[in-house]
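Participant: This is the structure I have questions about; it appears just below.
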Amino acid sequence: SFAATVAEDASAFVIVEGHADERGRNLVNRELAAARAATVAARLTSLAVPRARIKVDSFGEDRPVAEGRSEEALQKNRCVVVRVTRGRP
């Protein structure tokens with residue numbers, strides 16, 4: 001599994017980025033995005049990925065994954081993006 005592979009590779013670090021769509025207040029969107037990212041980080045930790053190798057970021061609506069205001073774009077922006085890097089991010 002993804003988590004097992006990362007857990008076994010001591011050089012692998014995980015960046016968990018929380019995002020939100022542009023609807024609502026910016027502060028609320030940041031908190032929502034942070035909660036999404038924290039949930040994913042907690043799950044990775046429960047699957048043996050050391051917490052010290054997980055970095056959590058929350059971008060709220062400030063860094064959209066998809067451009068536009070269509071329902072499809074808004075839905076794509078309510079997400080968590082997980083990236084793996086070599087070495088500490």
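We label chains A, B, ... in the order they appear in the structure tokens, count residues from 1 in each chain, and number ligands from 1 in the order shown.
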Would you please extract all strand (DSSP E or B) residues from chain A, as assigned by DSSP on the backbone, and give them as a CSV table (one decimal) with all heavy atoms, in the first residue's frame?
Facilitator:
chain,number,residue,atom,x,y,z
A,12,ALA,N,11.6,9.1,2.5
A,12,ALA,CA,10.4,9.6,2.0
A,12,ALA,C,9.7,10.5,3.0
A,12,ALA,O,9.5,10.1,4.2
A,12,ALA,CB,9.5,8.4,1.6
A,13,PHE,N,9.3,11.6,2.6
A,13,PHE,CA,8.5,12.5,3.4
A,13,PHE,C,7.2,12.8,2.7
A,13,PHE,O,7.1,12.8,1.4
A,13,PHE,CB,9.2,13.9,3.6
A,13,PHE,CG,10.3,13.7,4.6
A,13,PHE,CD1,11.5,13.2,4.3
A,13,PHE,CD2,10.1,14.1,6.0
A,13,PHE,CE1,12.6,13.0,5.2
A,13,PHE,CE2,11.2,14.0,6.9
A,13,PHE,CZ,12.4,13.4,6.5
A,14,VAL,N,6.1,13.0,3.4
A,14,VAL,CA,4.8,13.2,2.8
A,14,VAL,C,4.3,14.7,3.1
A,14,VAL,O,4.4,15.2,4.2
A,14,VAL,CB,3.8,12.3,3.4
A,14,VAL,CG1,2.4,12.5,2.8
A,14,VAL,CG2,4.2,10.8,3.2
A,15,ILE,N,3.9,15.3,2.1
A,15,ILE,CA,3.3,16.7,2.2
A,15,ILE,C,1.8,16.5,2.0
A,15,ILE,O,1.4,16.0,0.9
A,15,ILE,CB,3.9,17.7,1.2
A,15,ILE,CG1,5.4,17.8,1.4
A,15,ILE,CG2,3.2,19.0,1.3
A,15,ILE,CD1,6.1,18.5,0.3
A,16,VAL,N,1.0,16.9,3.0
A,16,VAL,CA,-0.5,16.8,2.9
A,16,VAL,C,-1.0,18.2,2.8
A,16,VAL,O,-0.8,19.0,3.7
A,16,VAL,CB,-1.0,16.0,4.1
A,16,VAL,CG1,-2.5,15.9,4.0
A,16,VAL,CG2,-0.4,14.7,4.3
A,17,GLU,N,-1.7,18.5,1.7
A,17,GLU,CA,-2.2,19.9,1.4
A,17,GLU,C,-3.7,19.9,1.4
A,17,GLU,O,-4.3,19.2,0.6
A,17,GLU,CB,-1.7,20.4,0.1
A,17,GLU,CG,-0.2,20.5,-0.1
A,17,GLU,CD,0.2,20.8,-1.5
A,17,GLU,OE1,-0.6,20.7,-2.4
A,17,GLU,OE2,1.4,21.2,-1.6
A,18,GLY,N,-4.3,20.7,2.3
A,18,GLY,CA,-5.7,20.8,2.4
A,18,GLY,C,-6.2,22.0,1.5
A,18,GLY,O,-5.6,23.0,1.6
A,19,HIS,N,-7.3,21.8,0.8
A,19,HIS,CA,-7.8,22.8,-0.1
A,19,HIS,C,-9.3,23.0,0.1
A,19,HIS,O,-9.9,22.1,0.7
A,19,HIS,CB,-7.6,22.5,-1.6
A,19,HIS,CG,-6.1,22.4,-1.9
A,19,HIS,ND1,-5.4,23.5,-2.4
A,19,HIS,CD2,-5.2,21.4,-1.9
A,19,HIS,CE1,-4.2,23.1,-2.6
A,19,HIS,NE2,-4.0,21.9,-2.3
A,54,ILE,N,5.7,13.7,8.1
A,54,ILE,CA,4.5,14.3,7.5
A,54,ILE,C,4.4,15.8,7.7
A,54,ILE,O,4.4,16.2,8.9
A,54,ILE,CB,3.2,13.6,8.0
A,54,ILE,CG1,3.2,12.1,7.8
A,54,ILE,CG2,1.9,14.2,7.3
A,54,ILE,CD1,2.1,11.3,8.5
A,55,LYS,N,4.3,16.5,6.6
A,55,LYS,CA,4.1,18.0,6.8
A,55,LYS,C,2.7,18.3,6.3
A,55,LYS,O,2.2,17.9,5.2
A,55,LYS,CB,5.1,18.7,5.9
A,55,LYS,CG,4.9,20.2,5.9
A,55,LYS,CD,5.9,20.9,5.0
A,55,LYS,CE,5.6,22.4,5.1
A,55,LYS,NZ,6.1,23.1,3.9
A,56,VAL,N,1.9,19.0,7.1
A,56,VAL,CA,0.6,19.4,6.8
A,56,VAL,C,0.5,20.9,6.5
A,56,VAL,O,1.0,21.7,7.2
A,56,VAL,CB,-0.4,19.1,8.0
A,56,VAL,CG1,-1.8,19.5,7.7
A,56,VAL,CG2,-0.3,17.6,8.3
A,57,ASP,N,-0.1,21.2,5.3
A,57,ASP,CA,-0.3,22.6,4.9
A,57,ASP,C,-1.8,22.8,4.6
A,57,ASP,O,-2.5,21.8,4.2
A,57,ASP,CB,0.4,22.9,3.6
A,57,ASP,CG,1.9,23.1,3.8
A,57,ASP,OD1,2.3,23.6,4.9
A,57,ASP,OD2,2.7,22.7,2.9
A,58,SER,N,-2.3,24.0,4.9
A,58,SER,CA,-3.7,24.3,4.6
A,58,SER,C,-3.7,25.6,3.7
A,58,SER,O,-3.2,26.6,4.1
A,58,SER,CB,-4.5,24.6,5.9
A,58,SER,OG,-5.8,25.0,5.6
A,59,PHE,N,-4.3,25.4,2.5
A,59,PHE,CA,-4.3,26.6,1.6
A,59,PHE,C,-5.7,27.2,1.5
A,59,PHE,O,-5.9,28.2,0.9
A,59,PHE,CB,-3.8,26.2,0.2
A,59,PHE,CG,-2.4,25.8,0.3
A,59,PHE,CD1,-2.0,24.5,0.0
A,59,PHE,CD2,-1.4,26.6,0.6
A,59,PHE,CE1,-0.7,24.0,0.1
A,59,PHE,CE2,0.0,26.3,0.7
A,59,PHE,CZ,0.3,24.9,0.4
A,60,GLY,N,-6.7,26.5,2.0
A,60,GLY,CA,-8.1,27.0,1.9
A,60,GLY,C,-8.4,27.2,0.5
A,60,GLY,O,-8.2,26.4,-0.4
A,80,VAL,N,-7.8,17.1,-0.7
A,80,VAL,CA,-6.5,17.0,-0.1
A,80,VAL,C,-5.6,16.4,-1.2
A,80,VAL,O,-5.9,15.5,-1.8
A,80,VAL,CB,-6.5,16.1,1.1
A,80,VAL,CG1,-5.1,15.8,1.7
A,80,VAL,CG2,-7.4,16.7,2.2
A,81,VAL,N,-4.4,17.1,-1.3
A,81,VAL,CA,-3.4,16.6,-2.2
A,81,VAL,C,-2.3,16.1,-1.4
A,81,VAL,O,-1.8,16.7,-0.5
A,81,VAL,CB,-2.9,17.8,-3.2
A,81,VAL,CG1,-1.8,17.3,-4.0
A,81,VAL,CG2,-4.1,18.3,-4.0
A,82,VAL,N,-1.8,14.9,-1.7
A,82,VAL,CA,-0.7,14.2,-1.0
A,82,VAL,C,0.4,14.1,-2.0
A,82,VAL,O,0.3,13.5,-3.1
A,82,VAL,CB,-1.2,12.8,-0.5
A,82,VAL,CG1,0.0,12.1,0.2
A,82,VAL,CG2,-2.4,13.0,0.4
A,83,ARG,N,1.6,14.6,-1.6
A,83,ARG,CA,2.8,14.5,-2.4
A,83,ARG,C,3.9,13.8,-1.6
A,83,ARG,O,4.0,14.0,-0.3
A,83,ARG,CB,3.3,15.9,-2.8
A,83,ARG,CG,2.3,16.5,-3.7
A,83,ARG,CD,2.8,17.9,-4.3
A,83,ARG,NE,3.0,18.9,-3.2
A,83,ARG,CZ,4.1,19.5,-3.0
A,83,ARG,NH1,5.2,19.3,-3.7
A,83,ARG,NH2,4.1,20.4,-2.1
A,84,VAL,N,4.7,13.1,-2.2
A,84,VAL,CA,5.9,12.4,-1.6
A,84,VAL,C,7.2,13.0,-2.1
A,84,VAL,O,7.3,13.2,-3.3
A,84,VAL,CB,5.9,10.9,-1.8
A,84,VAL,CG1,7.1,10.2,-1.2
A,84,VAL,CG2,4.6,10.3,-1.3
A,85,THR,N,8.1,13.4,-1.2
A,85,THR,CA,9.3,13.9,-1.6
A,85,THR,C,10.5,13.1,-1.0
A,85,THR,O,10.3,12.4,0.0
A,85,THR,CB,9.5,15.4,-1.1
A,85,THR,OG1,9.5,15.4,0.3
A,85,THR,CG2,8.4,16.3,-1.6
A,86,ARG,N,11.6,13.3,-1.5
A,86,ARG,CA,12.9,12.7,-0.9
A,86,ARG,C,13.5,13.8,-0.1
A,86,ARG,O,13.8,14.8,-0.6
A,86,ARG,CB,13.8,12.2,-2.0
A,86,ARG,CG,13.2,11.2,-2.9
A,86,ARG,CD,13.3,9.8,-2.1
A,86,ARG,NE,12.6,8.8,-3.0
A,86,ARG,CZ,12.0,7.8,-2.5
A,86,ARG,NH1,11.9,7.7,-1.2
A,86,ARG,NH2,11.4,7.0,-3.3
Participant: Please identify all polymer residues within 10 Å of Glu22 of chain A, counting only C-alpha atoms, omitting same-chain residues fewer than 5 positions from it, and present them as a CSV table (one decimal) with all heavy atoms, in the first residue's frame.
Facilitator:
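In the end it all went to result.csv:
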chain,number,residue,atom,x,y,z
A,29,ASN,N,-12.8,28.6,5.3
A,29,ASN,CA,-12.3,27.7,4.3
A,29,ASN,C,-10.9,27.2,4.7
A,29,ASN,O,-10.6,26.0,4.5
A,29,ASN,CB,-12.2,28.4,2.9
A,29,ASN,CG,-13.6,28.5,2.3
A,29,ASN,OD1,-14.5,27.7,2.6
A,29,ASN,ND2,-13.7,29.4,1.4
A,60,GLY,N,-6.7,26.5,2.0
A,60,GLY,CA,-8.1,27.0,1.9
A,60,GLY,C,-8.4,27.2,0.5
A,60,GLY,O,-8.2,26.4,-0.4
A,61,GLU,N,-8.9,28.4,0.2
A,61,GLU,CA,-9.3,28.8,-1.2
A,61,GLU,C,-8.1,29.5,-1.9
A,61,GLU,O,-8.3,29.8,-3.1
A,61,GLU,CB,-10.5,29.6,-1.2
A,61,GLU,CG,-10.3,31.0,-0.5
A,61,GLU,CD,-11.5,31.8,-0.3
A,61,GLU,OE1,-12.4,31.2,0.4
A,61,GLU,OE2,-11.6,32.9,-0.8
A,62,ASP,N,-7.0,29.7,-1.2
A,62,ASP,CA,-5.9,30.6,-1.8
A,62,ASP,C,-5.1,29.9,-2.9
A,62,ASP,O,-4.5,30.6,-3.7
A,62,ASP,CB,-5.0,31.0,-0.7
A,62,ASP,CG,-5.7,31.8,0.4
A,62,ASP,OD1,-6.6,32.6,0.0
A,62,ASP,OD2,-5.3,31.8,1.5
A,63,ARG,N,-5.1,28.6,-3.0
A,63,ARG,CA,-4.3,27.9,-4.0
A,63,ARG,C,-5.2,26.8,-4.6
A,63,ARG,O,-5.1,25.7,-4.3
A,63,ARG,CB,-3.1,27.3,-3.4
A,63,ARG,CG,-2.1,26.9,-4.4
A,63,ARG,CD,-0.9,26.2,-3.8
A,63,ARG,NE,0.0,27.2,-3.1
A,63,ARG,CZ,1.1,26.8,-2.5
A,63,ARG,NH1,1.5,25.5,-2.5
A,63,ARG,NH2,1.9,27.7,-1.9
A,64,PRO,N,-6.1,27.2,-5.6
A,64,PRO,CA,-7.1,26.3,-6.1
A,64,PRO,C,-6.4,25.2,-6.9
A,64,PRO,O,-5.4,25.4,-7.6
A,64,PRO,CB,-8.0,27.1,-7.0
A,64,PRO,CG,-7.2,28.4,-7.2
A,64,PRO,CD,-6.3,28.6,-6.1
A,68,GLY,N,-11.7,28.1,-12.2
A,68,GLY,CA,-13.1,28.3,-12.6
A,68,GLY,C,-14.1,28.3,-11.5
A,68,GLY,O,-13.8,28.0,-10.3
A,69,ARG,N,-15.4,28.6,-11.8
A,69,ARG,CA,-16.4,28.7,-10.8
A,69,ARG,C,-17.5,27.7,-11.1
A,69,ARG,O,-18.6,27.8,-10.5
A,69,ARG,CB,-17.0,30.1,-10.8
A,69,ARG,CG,-15.9,31.1,-10.5
A,69,ARG,CD,-16.4,32.5,-10.3
A,69,ARG,NE,-16.5,32.7,-8.9
A,69,ARG,CZ,-17.2,33.5,-8.3
A,69,ARG,NH1,-18.0,34.3,-9.0
A,69,ARG,NH2,-17.3,33.6,-7.0
A,74,LEU,N,-15.4,23.8,-8.5
A,74,LEU,CA,-15.6,23.9,-7.0
A,74,LEU,C,-15.4,22.6,-6.3
A,74,LEU,O,-14.8,22.5,-5.3
A,74,LEU,CB,-16.9,24.5,-6.7
A,74,LEU,CG,-17.2,26.0,-7.2
A,74,LEU,CD1,-18.6,26.4,-7.0
A,74,LEU,CD2,-16.2,26.9,-6.5
A,77,ASN,N,-11.8,21.5,-6.0
A,77,ASN,CA,-11.1,22.2,-5.0
A,77,ASN,C,-11.3,21.9,-3.6
A,77,ASN,O,-10.6,22.3,-2.7
A,77,ASN,CB,-11.3,23.7,-5.2
A,77,ASN,CG,-10.6,24.2,-6.5
A,77,ASN,OD1,-9.5,23.8,-6.8
A,77,ASN,ND2,-11.3,25.1,-7.2
A,78,ARG,N,-12.4,21.1,-3.3
A,78,ARG,CA,-12.6,20.6,-2.0
A,78,ARG,C,-11.9,19.2,-1.8
A,78,ARG,O,-12.5,18.2,-2.0
A,78,ARG,CB,-14.1,20.4,-1.7
A,78,ARG,CG,-14.9,21.7,-1.8
A,78,ARG,CD,-16.4,21.6,-1.5
A,78,ARG,NE,-17.1,20.7,-2.4
A,78,ARG,CZ,-17.8,21.1,-3.4
A,78,ARG,NH1,-17.9,22.4,-3.7
A,78,ARG,NH2,-18.5,20.3,-4.2
Participant: Just the number, please: distance in Å from atom CA of Asp9 of chain A to atom CA of Val65 of chain A, one decimal.
Facilitator: 27.9 Å
Participant: Identify, on the basis of only C-alpha atoms, every residue whose closest approach to segment 39-49 of chain A does not exceed 7 Å; exclude the query and any residue fewer than 3 positions from it along the same chain; express the result as a PyMOL selection string.
Facilitator: chain A and resi 3+6-7+16+35-36+54
Participant: Mind writing the picked residues with all heavy atoms as a PDB file, in the first residue's frame?
Facilitator:
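What landed in out.pdb:
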ATOM      1  N   ALA A   3       0.855   3.802   2.108  1.00  0.00           N
ATOM      2  CA  ALA A   3       1.373   4.102   3.442  1.00  0.00           C
ATOM      3  C   ALA A   3       2.517   3.173   3.815  1.00  0.00           C
ATOM      4  O   ALA A   3       3.518   3.614   4.391  1.00  0.00           O
ATOM      5  CB  ALA A   3       0.263   4.022   4.477  1.00  0.00           C
ATOM      6  N   VAL A   6       5.719   4.208   1.976  1.00  0.00           N
ATOM      7  CA  VAL A   6       6.298   5.421   2.555  1.00  0.00           C
ATOM      8  C   VAL A   6       6.904   5.117   3.925  1.00  0.00           C
ATOM      9  O   VAL A   6       7.997   5.578   4.248  1.00  0.00           O
ATOM     10  CB  VAL A   6       5.241   6.545   2.648  1.00  0.00           C
ATOM     11  CG1 VAL A   6       5.768   7.734   3.438  1.00  0.00           C
ATOM     12  CG2 VAL A   6       4.810   6.977   1.256  1.00  0.00           C
ATOM     13  N   ALA A   7       6.203   4.348   4.732  1.00  0.00           N
ATOM     14  CA  ALA A   7       6.689   4.018   6.075  1.00  0.00           C
ATOM     15  C   ALA A   7       8.016   3.278   6.025  1.00  0.00           C
ATOM     16  O   ALA A   7       8.887   3.497   6.873  1.00  0.00           O
ATOM     17  CB  ALA A   7       5.645   3.194   6.818  1.00  0.00           C
ATOM     18  N   VAL A  16       0.986  16.886   2.952  1.00  0.00           N
ATOM     19  CA  VAL A  16      -0.468  16.776   2.877  1.00  0.00           C
ATOM     20  C   VAL A  16      -1.024  18.199   2.801  1.00  0.00           C
ATOM     21  O   VAL A  16      -0.846  18.977   3.734  1.00  0.00           O
ATOM     22  CB  VAL A  16      -1.042  16.028   4.104  1.00  0.00           C
ATOM     23  CG1 VAL A  16      -2.547  15.897   3.992  1.00  0.00           C
ATOM     24  CG2 VAL A  16      -0.390  14.658   4.261  1.00  0.00           C
ATOM     25  N   ALA A  35      -8.637  20.911   8.531  1.00  0.00           N
ATOM     26  CA  ALA A  35      -9.252  19.706   9.094  1.00  0.00           C
ATOM     27  C   ALA A  35      -9.164  18.541   8.118  1.00  0.00           C
ATOM     28  O   ALA A  35      -8.888  17.396   8.520  1.00  0.00           O
ATOM     29  CB  ALA A  35     -10.714  19.984   9.459  1.00  0.00           C
ATOM     30  N   ARG A  36      -9.378  18.805   6.839  1.00  0.00           N
ATOM     31  CA  ARG A  36      -9.239  17.747   5.823  1.00  0.00           C
ATOM     32  C   ARG A  36      -7.824  17.182   5.823  1.00  0.00           C
ATOM     33  O   ARG A  36      -7.620  15.970   5.825  1.00  0.00           O
ATOM     34  CB  ARG A  36      -9.555  18.298   4.429  1.00  0.00           C
ATOM     35  CG  ARG A  36     -10.990  18.536   4.159  1.00  0.00           C
ATOM     36  CD  ARG A  36     -11.185  18.981   2.702  1.00  0.00           C
ATOM     37  NE  ARG A  36     -12.597  19.165   2.468  1.00  0.00           N
ATOM     38  CZ  ARG A  36     -13.151  20.274   1.996  1.00  0.00           C
ATOM     39  NH1 ARG A  36     -12.396  21.307   1.669  1.00  0.00           N
ATOM     40  NH2 ARG A  36     -14.452  20.347   1.822  1.00  0.00           N
ATOM     41  N   ILE A  54       5.656  13.739   8.097  1.00  0.00           N
ATOM     42  CA  ILE A  54       4.455  14.265   7.456  1.00  0.00           C
ATOM     43  C   ILE A  54       4.385  15.768   7.716  1.00  0.00           C
ATOM     44  O   ILE A  54       4.436  16.209   8.860  1.00  0.00           O
ATOM     45  CB  ILE A  54       3.178  13.598   8.004  1.00  0.00           C
ATOM     46  CG1 ILE A  54       3.220  12.082   7.779  1.00  0.00           C
ATOM     47  CG2 ILE A  54       1.934  14.204   7.347  1.00  0.00           C
ATOM     48  CD1 ILE A  54       2.084  11.348   8.470  1.00  0.00           C
TER      49      ILE A  54
END
Participant: When you count only C-alpha atoms, which of these residues is closest to Leu32 of chain A: A:Ala10, A:Ala73, A:Ala66, A:Cys79?
Facilitator: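 Of the candidates, the smallest distance to Leu32 of chain A is held by A:Cys79.
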Participant: Between atom CA of Asp21 of chain A and atom CA of Glu72 of chain A, what is the spacing in Å?
Facilitator: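 According to the coordinates, atom CA of Glu72 of chain A and atom CA of Asp21 of chain A are separated by 10.6 Å.
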Participant: At what distance in Å, to one decimal, does atom CA of Pro50 of chain A lie from atom CA of Ser11 of chain A?
Facilitator: 11.6 Å
